Amino acid sequence: MNTLEIIDGATTTDNIPPARLTTHTHFQEHIAFFFKQSDVFPAQIIGFSTRSSLAALPACFTATEVLGISSRVSGVVLPIAVTLFKFASPIARTAGSYFIARLYGIDLAIYELFIIAAAIGLFSFYSPAIPSGGLLIITPVYISLGLPVEGIGILIAIDLVVDMFITAANVTANITVTTIISKKAS
């Protein structure tokens, strides 16, 4: 009989062949530390419901405190991350730009999609931490690539749902970055 460790120290003694046993690695321990959903979930819900990573900042501080991250680290890293680190924005805004291009019958080459992603990634540093703030910065990209600026109005109309997921991903990324920096600092 082999013993297989389950979450939180509970064990089961099933008749498991040795080849099927999984050992905990250093990587698995870090992943488990990063994604304790019960600790991060309130910050994600606030970000999801308000569509503002700035509104979720107090909940992010609480989550990092529960995760055991020093307030000295989180007090510096989280405000900078909320202001500058818009993880999901380039992905979502590039997909939205592709949607608009297809809607208007414009074929975008692969390199143009990379240009859009890079430009939105760079411009996201200037994006305000308000709901749909990323849409305010894509007009110059549309003009430079010949995409119809009117399409941004369509994106604004459907952005309510999309921005909820973008903000939840950004809040998660902010807490993850803070955790990584905390681990590197200790």
# chains A, B, ... in the order shown; residues from 1 in each chain; ligands from 1

$ residues_around --residues "Thr50 of chain A" --least-positions-apart "6" --cutoff "8 Å" --atoms "only C-alpha atoms" --output "PyMOL selection string"
chain A and resi 56+131+164

$ write_last_selection --atoms "C-alpha atoms" --output "short mmCIF file (atom, residue, chain, number, x, y, z; two decimals), in the first residue's frame"
data_model
loop_
_atom_site.label_atom_id
_atom_site.label_comp_id
_atom_site.auth_asym_id
_atom_site.auth_seq_id
_atom_site.Cartn_x
_atom_site.Cartn_y
_atom_site.Cartn_z
CA ALA A 56 -9.66 46.34 -6.27
CA PRO A 131 -13.43 50.88 -16.67
CA MET A 164 -14.76 42.39 -16.50
#

$ residues_around --residues "segment 73-75 of chain A" --least-positions-apart "4" --cutoff "9 Å" --atoms "only C-alpha atoms" --output "list in words"
Cys60, Phe61, Thr64, Glu65, Ile69, Pro79, Ile175, Thr178, Thr179, Ile181, Ser182 and Ala185 of chain A

$ atom_distance --atom1 "atom CA of Ala43 of chain A" --atom2 "atom CA of Ile166 of chain A"
13.4 Å

$ residues_around --residues "Arg93 of chain A" --least-positions-apart "4" --cutoff "10 Å" --atoms "only C-alpha atoms" --output "ChimeraX atom specification"
/A:88-89,97-99,116-117,120-121,134-135,138,155,159,162-163,166

$ write_last_selection --atoms "all heavy atoms" --output "compact mmCIF listing (two decimals), in the first residue's frame"
# COMPACT_ATOMS: atom_id res chain seq x y z
N ALA A 88 -3.59 41.80 -19.32
CA ALA A 88 -4.55 41.24 -20.27
C ALA A 88 -4.97 42.20 -21.37
O ALA A 88 -5.56 41.79 -22.36
CB ALA A 88 -5.79 40.75 -19.52
N SER A 89 -4.66 43.47 -21.22
CA SER A 89 -5.13 44.46 -22.19
C SER A 89 -4.63 44.21 -23.61
O SER A 89 -5.44 44.25 -24.55
CB SER A 89 -4.75 45.86 -21.72
OG SER A 89 -5.35 46.83 -22.53
N SER A 97 -9.48 44.37 -32.03
CA SER A 97 -9.06 45.02 -33.27
C SER A 97 -9.22 44.07 -34.45
O SER A 97 -9.63 44.49 -35.55
CB SER A 97 -7.60 45.48 -33.16
OG SER A 97 -7.47 46.43 -32.14
N TYR A 98 -8.91 42.81 -34.23
CA TYR A 98 -9.10 41.81 -35.29
C TYR A 98 -10.59 41.69 -35.63
O TYR A 98 -10.96 41.59 -36.80
CB TYR A 98 -8.51 40.47 -34.87
CG TYR A 98 -8.61 39.42 -35.94
CD1 TYR A 98 -7.75 39.44 -37.03
CD2 TYR A 98 -9.55 38.41 -35.87
CE1 TYR A 98 -7.85 38.50 -38.03
CE2 TYR A 98 -9.66 37.45 -36.86
CZ TYR A 98 -8.80 37.50 -37.94
OH TYR A 98 -8.90 36.57 -38.94
N PHE A 99 -11.42 41.70 -34.62
CA PHE A 99 -12.87 41.64 -34.82
C PHE A 99 -13.34 42.82 -35.67
O PHE A 99 -14.11 42.66 -36.62
CB PHE A 99 -13.59 41.61 -33.47
CG PHE A 99 -15.07 41.86 -33.55
CD1 PHE A 99 -15.92 40.89 -34.06
CD2 PHE A 99 -15.61 43.06 -33.12
CE1 PHE A 99 -17.29 41.12 -34.13
CE2 PHE A 99 -16.97 43.28 -33.18
CZ PHE A 99 -17.82 42.32 -33.70
N ILE A 116 -0.16 45.75 -33.55
CA ILE A 116 -1.26 46.17 -32.68
C ILE A 116 -0.99 45.73 -31.24
O ILE A 116 -1.11 46.53 -30.30
CB ILE A 116 -2.60 45.59 -33.18
CG1 ILE A 116 -3.00 46.24 -34.49
CG2 ILE A 116 -3.70 45.78 -32.13
CD1 ILE A 116 -4.17 45.59 -35.18
N ALA A 117 -0.59 44.48 -31.05
CA ALA A 117 -0.32 43.97 -29.69
C ALA A 117 0.82 44.74 -29.04
O ALA A 117 0.73 45.12 -27.86
CB ALA A 117 -0.02 42.49 -29.74
N ILE A 120 -0.38 48.45 -28.32
CA ILE A 120 -1.32 48.50 -27.19
C ILE A 120 -0.60 48.13 -25.90
O ILE A 120 -0.88 48.70 -24.84
CB ILE A 120 -2.54 47.60 -27.47
CG1 ILE A 120 -3.36 48.20 -28.60
CG2 ILE A 120 -3.38 47.42 -26.22
CD1 ILE A 120 -4.50 47.35 -29.07
N GLY A 121 0.35 47.19 -25.97
CA GLY A 121 1.15 46.86 -24.79
C GLY A 121 1.93 48.05 -24.28
O GLY A 121 1.99 48.31 -23.08
N GLY A 134 -8.59 51.11 -21.45
CA GLY A 134 -7.73 50.68 -22.55
C GLY A 134 -8.25 51.10 -23.91
O GLY A 134 -7.48 51.24 -24.87
N LEU A 135 -9.56 51.33 -24.02
CA LEU A 135 -10.12 51.75 -25.30
C LEU A 135 -9.77 53.19 -25.63
O LEU A 135 -9.83 53.60 -26.79
CB LEU A 135 -11.64 51.56 -25.31
CG LEU A 135 -12.11 50.11 -25.29
CD1 LEU A 135 -13.62 50.04 -25.16
CD2 LEU A 135 -11.66 49.39 -26.54
N ILE A 138 -6.40 53.34 -27.98
CA ILE A 138 -6.18 52.61 -29.23
C ILE A 138 -6.48 53.42 -30.49
O ILE A 138 -6.20 52.95 -31.59
CB ILE A 138 -6.97 51.28 -29.26
CG1 ILE A 138 -8.46 51.50 -29.21
CG2 ILE A 138 -6.50 50.37 -28.16
CD1 ILE A 138 -9.25 50.21 -29.35
N LEU A 155 -16.65 48.53 -30.10
CA LEU A 155 -15.93 47.89 -28.99
C LEU A 155 -16.39 48.42 -27.64
O LEU A 155 -16.50 47.67 -26.68
CB LEU A 155 -14.42 48.07 -29.15
CG LEU A 155 -13.77 47.32 -30.30
CD1 LEU A 155 -12.28 47.64 -30.35
CD2 LEU A 155 -14.00 45.84 -30.19
N ASP A 159 -17.79 46.15 -24.67
CA ASP A 159 -16.65 46.05 -23.75
C ASP A 159 -17.06 45.80 -22.30
O ASP A 159 -16.23 45.42 -21.49
CB ASP A 159 -15.77 47.30 -23.83
CG ASP A 159 -14.44 47.09 -23.18
OD1 ASP A 159 -13.72 46.16 -23.61
OD2 ASP A 159 -14.12 47.82 -22.23
N VAL A 162 -16.33 42.10 -21.67
CA VAL A 162 -14.91 41.82 -21.92
C VAL A 162 -14.04 42.45 -20.84
O VAL A 162 -13.11 41.82 -20.32
CB VAL A 162 -14.50 42.32 -23.32
CG1 VAL A 162 -13.01 42.17 -23.55
CG2 VAL A 162 -15.29 41.61 -24.39
N ASP A 163 -14.35 43.69 -20.47
CA ASP A 163 -13.52 44.40 -19.49
C ASP A 163 -13.59 43.77 -18.10
O ASP A 163 -12.64 43.87 -17.33
CB ASP A 163 -13.94 45.87 -19.43
CG ASP A 163 -12.87 46.74 -18.80
OD1 ASP A 163 -11.67 46.52 -19.10
OD2 ASP A 163 -13.21 47.64 -18.01
N ILE A 166 -10.95 41.12 -18.34
CA ILE A 166 -9.63 41.76 -18.42
C ILE A 166 -9.18 42.21 -17.04
O ILE A 166 -8.05 41.98 -16.62
CB ILE A 166 -9.66 42.95 -19.39
CG1 ILE A 166 -9.83 42.48 -20.84
CG2 ILE A 166 -8.40 43.80 -19.27
CD1 ILE A 166 -10.07 43.61 -21.82

$ residues_around --residues "Val141 of chain A" --least-positions-apart "4" --cutoff "9 Å" --atoms "only C-alpha atoms" --output "PyMOL selection string"
chain A and resi 115-116+119-120+137+145-147

$ write_last_selection --atoms "all heavy atoms" --output "tab-separated table (two decimals), in the first residue's frame"
chain	number	residue	atom	x	y	z
A	115	ILE	N	2.01	44.24	-34.47
A	115	ILE	CA	2.16	45.69	-34.28
A	115	ILE	C	1.07	46.20	-33.33
A	115	ILE	O	1.35	47.00	-32.43
A	115	ILE	CB	2.12	46.43	-35.63
A	115	ILE	CG1	3.39	46.15	-36.43
A	115	ILE	CG2	1.94	47.94	-35.43
A	115	ILE	CD1	3.35	46.65	-37.86
A	116	ILE	N	-0.16	45.75	-33.55
A	116	ILE	CA	-1.26	46.17	-32.68
A	116	ILE	C	-0.99	45.73	-31.24
A	116	ILE	O	-1.11	46.53	-30.30
A	116	ILE	CB	-2.60	45.59	-33.18
A	116	ILE	CG1	-3.00	46.24	-34.49
A	116	ILE	CG2	-3.70	45.78	-32.13
A	116	ILE	CD1	-4.17	45.59	-35.18
A	119	ALA	N	1.93	47.83	-29.80
A	119	ALA	CA	1.54	49.22	-29.56
A	119	ALA	C	0.59	49.33	-28.38
A	119	ALA	O	0.77	50.20	-27.52
A	119	ALA	CB	0.90	49.80	-30.82
A	120	ILE	N	-0.38	48.45	-28.32
A	120	ILE	CA	-1.32	48.50	-27.19
A	120	ILE	C	-0.60	48.13	-25.90
A	120	ILE	O	-0.88	48.70	-24.84
A	120	ILE	CB	-2.54	47.60	-27.47
A	120	ILE	CG1	-3.36	48.20	-28.60
A	120	ILE	CG2	-3.38	47.42	-26.22
A	120	ILE	CD1	-4.50	47.35	-29.07
A	137	ILE	N	-6.90	54.49	-25.54
A	137	ILE	CA	-5.55	54.62	-26.07
A	137	ILE	C	-5.37	53.98	-27.44
A	137	ILE	O	-4.29	54.09	-28.01
A	137	ILE	CB	-4.53	54.02	-25.10
A	137	ILE	CG1	-4.81	52.54	-24.90
A	137	ILE	CG2	-4.51	54.77	-23.79
A	137	ILE	CD1	-3.70	51.77	-24.23
A	145	LEU	N	-2.83	52.21	-38.70
A	145	LEU	CA	-2.98	50.99	-39.48
A	145	LEU	C	-4.16	51.06	-40.46
A	145	LEU	O	-4.44	50.08	-41.16
A	145	LEU	CB	-3.15	49.78	-38.56
A	145	LEU	CG	-1.91	49.40	-37.77
A	145	LEU	CD1	-2.23	48.31	-36.78
A	145	LEU	CD2	-0.80	48.95	-38.70
A	146	GLY	N	-4.84	52.19	-40.51
A	146	GLY	CA	-5.93	52.34	-41.45
A	146	GLY	C	-7.20	51.62	-41.05
A	146	GLY	O	-8.05	51.34	-41.89
A	147	LEU	N	-7.34	51.31	-39.78
A	147	LEU	CA	-8.57	50.69	-39.29
A	147	LEU	C	-9.60	51.79	-39.02
A	147	LEU	O	-9.24	52.91	-38.64
A	147	LEU	CB	-8.31	49.90	-38.01
A	147	LEU	CG	-7.45	48.66	-38.17
A	147	LEU	CD1	-7.13	48.07	-36.80
A	147	LEU	CD2	-8.14	47.63	-39.03

$ atom_distance --atom1 "atom CA of Tyr104 of chain A" --atom2 "atom CA of Gly133 of chain A"
23.6 Å

$ residues_around --residues "Leu54 of chain A" --least-positions-apart "3" --cutoff "10 Å" --atoms "only C-alpha atoms" --output "short mmCIF file (atom, residue, chain, number, x, y, z; two decimals) with N, CA, C and O atoms, in the first residue's frame"
data_model
loop_
_atom_site.label_atom_id
_atom_site.label_comp_id
_atom_site.auth_asym_id
_atom_site.auth_seq_id
_atom_site.Cartn_x
_atom_site.Cartn_y
_atom_site.Cartn_z
N ILE A 46 -13.96 41.74 -6.83
CA ILE A 46 -14.09 43.20 -6.83
C ILE A 46 -13.62 43.76 -8.17
O ILE A 46 -14.27 44.63 -8.75
N GLY A 47 -12.50 43.27 -8.68
CA GLY A 47 -12.03 43.71 -9.99
C GLY A 47 -13.03 43.37 -11.08
O GLY A 47 -13.30 44.18 -11.97
N THR A 50 -16.34 45.68 -10.54
CA THR A 50 -16.18 47.12 -10.72
C THR A 50 -15.50 47.47 -12.03
O THR A 50 -15.55 48.62 -12.46
N ARG A 51 -14.82 46.50 -12.65
CA ARG A 51 -14.05 46.70 -13.88
C ARG A 51 -12.93 47.72 -13.68
O ARG A 51 -12.51 48.39 -14.62
N LEU A 57 -7.68 47.54 -5.48
CA LEU A 57 -6.39 47.66 -4.79
C LEU A 57 -6.46 47.34 -3.30
O LEU A 57 -5.62 46.59 -2.80
N PRO A 58 -7.43 47.85 -2.53
CA PRO A 58 -7.49 47.47 -1.11
C PRO A 58 -7.66 45.96 -0.91
O PRO A 58 -7.05 45.39 -0.01
N ALA A 59 -8.47 45.33 -1.74
CA ALA A 59 -8.64 43.88 -1.64
C ALA A 59 -7.35 43.15 -2.03
O ALA A 59 -7.06 42.08 -1.48
N CYS A 60 -6.60 43.72 -2.95
CA CYS A 60 -5.29 43.13 -3.32
C CYS A 60 -4.33 43.19 -2.13
O CYS A 60 -3.58 42.25 -1.89
N LEU A 78 2.30 46.71 -5.51
CA LEU A 78 0.90 46.71 -5.96
C LEU A 78 0.47 48.04 -6.60
O LEU A 78 -0.13 48.02 -7.69
N PRO A 79 0.75 49.20 -5.99
CA PRO A 79 0.33 50.44 -6.68
C PRO A 79 1.02 50.63 -8.03
O PRO A 79 0.40 51.10 -8.98
N VAL A 82 -0.70 48.14 -10.46
CA VAL A 82 -2.04 48.59 -10.86
C VAL A 82 -1.94 49.74 -11.87
O VAL A 82 -2.71 49.80 -12.82
N THR A 83 -0.96 50.60 -11.67
CA THR A 83 -0.82 51.74 -12.56
C THR A 83 -0.22 51.38 -13.91
O THR A 83 -0.67 51.84 -14.94
N PRO A 128 -5.57 54.78 -18.27
CA PRO A 128 -6.06 55.03 -16.91
C PRO A 128 -6.66 53.76 -16.31
O PRO A 128 -7.15 52.90 -17.03
N ALA A 129 -6.63 53.67 -14.99
CA ALA A 129 -7.16 52.49 -14.29
C ALA A 129 -8.65 52.65 -14.05
O ALA A 129 -9.14 52.51 -12.93
N ILE A 130 -9.38 52.96 -15.10
CA ILE A 130 -10.82 53.12 -15.02
C ILE A 130 -11.47 52.10 -15.95
O ILE A 130 -10.81 51.55 -16.83
N PRO A 131 -12.77 51.83 -15.78
CA PRO A 131 -13.43 50.88 -16.67
C PRO A 131 -13.29 51.28 -18.14
O PRO A 131 -13.49 52.44 -18.50
N THR A 167 -10.08 42.87 -16.31
CA THR A 167 -9.73 43.39 -14.99
C THR A 167 -9.46 42.26 -14.00
O THR A 167 -8.51 42.35 -13.21
N VAL A 171 -5.95 41.91 -12.09
CA VAL A 171 -5.84 41.84 -10.62
C VAL A 171 -5.06 40.59 -10.22
O VAL A 171 -4.18 40.65 -9.36
#

$ closest_residue --among "A:Gly96, A:Gly153, A:Pro148, A:Pro90" --to "Phe125 of chain A" --atoms "only C-alpha atoms"
A:Pro90

$ atom_distance --atom1 "atom CA of Ile152 of chain A" --atom2 "atom CA of Thr94 of chain A"
12.1 Å

$ closest_residue --among "A:Thr176, A:Ser71, A:Ser132, A:Ser144" --to "Ile158 of chain A" --atoms "only C-alpha atoms"
A:Ser132

$ residues_around --residues "Phe87 of chain A" --least-positions-apart "3" --cutoff "8 Å" --atoms "only C-alpha atoms" --output "VMD selection string"
chain A and resid 90 169 to 170 173

$ write_last_selection --atoms "all heavy atoms" --output "mmCIF file, in the first residue's frame"
data_model
loop_
_atom_site.group_PDB
_atom_site.id
_atom_site.type_symbol
_atom_site.label_atom_id
_atom_site.label_comp_id
_atom_site.auth_asym_id
_atom_site.auth_seq_id
_atom_site.Cartn_x
_atom_site.Cartn_y
_atom_site.Cartn_z
ATOM 1 N N PRO A 90 -3.341 43.971 -23.835
ATOM 2 C CA PRO A 90 -2.907 43.753 -25.225
ATOM 3 C C PRO A 90 -3.578 42.550 -25.883
ATOM 4 O O PRO A 90 -3.919 42.602 -27.070
ATOM 5 C CB PRO A 90 -1.399 43.524 -25.101
ATOM 6 C CG PRO A 90 -1.011 44.179 -23.835
ATOM 7 C CD PRO A 90 -2.198 44.037 -22.929
ATOM 8 N N ALA A 169 -8.280 39.354 -14.714
ATOM 9 C CA ALA A 169 -6.958 38.832 -15.076
ATOM 10 C C ALA A 169 -5.849 39.785 -14.641
ATOM 11 O O ALA A 169 -4.800 39.348 -14.151
ATOM 12 C CB ALA A 169 -6.883 38.596 -16.583
ATOM 13 N N ASN A 170 -6.070 41.084 -14.778
ATOM 14 C CA ASN A 170 -5.062 42.059 -14.350
ATOM 15 C C ASN A 170 -4.861 42.028 -12.839
ATOM 16 O O ASN A 170 -3.728 42.115 -12.351
ATOM 17 C CB ASN A 170 -5.445 43.464 -14.800
ATOM 18 C CG ASN A 170 -5.230 43.691 -16.277
ATOM 19 O OD1 ASN A 170 -4.463 42.976 -16.931
ATOM 20 N ND2 ASN A 170 -5.908 44.677 -16.822
ATOM 21 N N ALA A 173 -2.867 39.004 -12.041
ATOM 22 C CA ALA A 173 -1.475 39.218 -12.452
ATOM 23 C C ALA A 173 -0.755 40.150 -11.481
ATOM 24 O O ALA A 173 0.421 39.924 -11.155
ATOM 25 C CB ALA A 173 -1.421 39.781 -13.869
#

$ closest_residue --among "A:Leu160, A:Leu67, A:Leu113, A:Arg102" --to "Ile180 of chain A" --atoms "only C-alpha atoms"
A:Leu67

$ closest_residue --among "A:Ile91, A:Val76, A:Leu103, A:Ile143" --to "Ala118 of chain A" --atoms "only C-alpha atoms"
A:Ile91
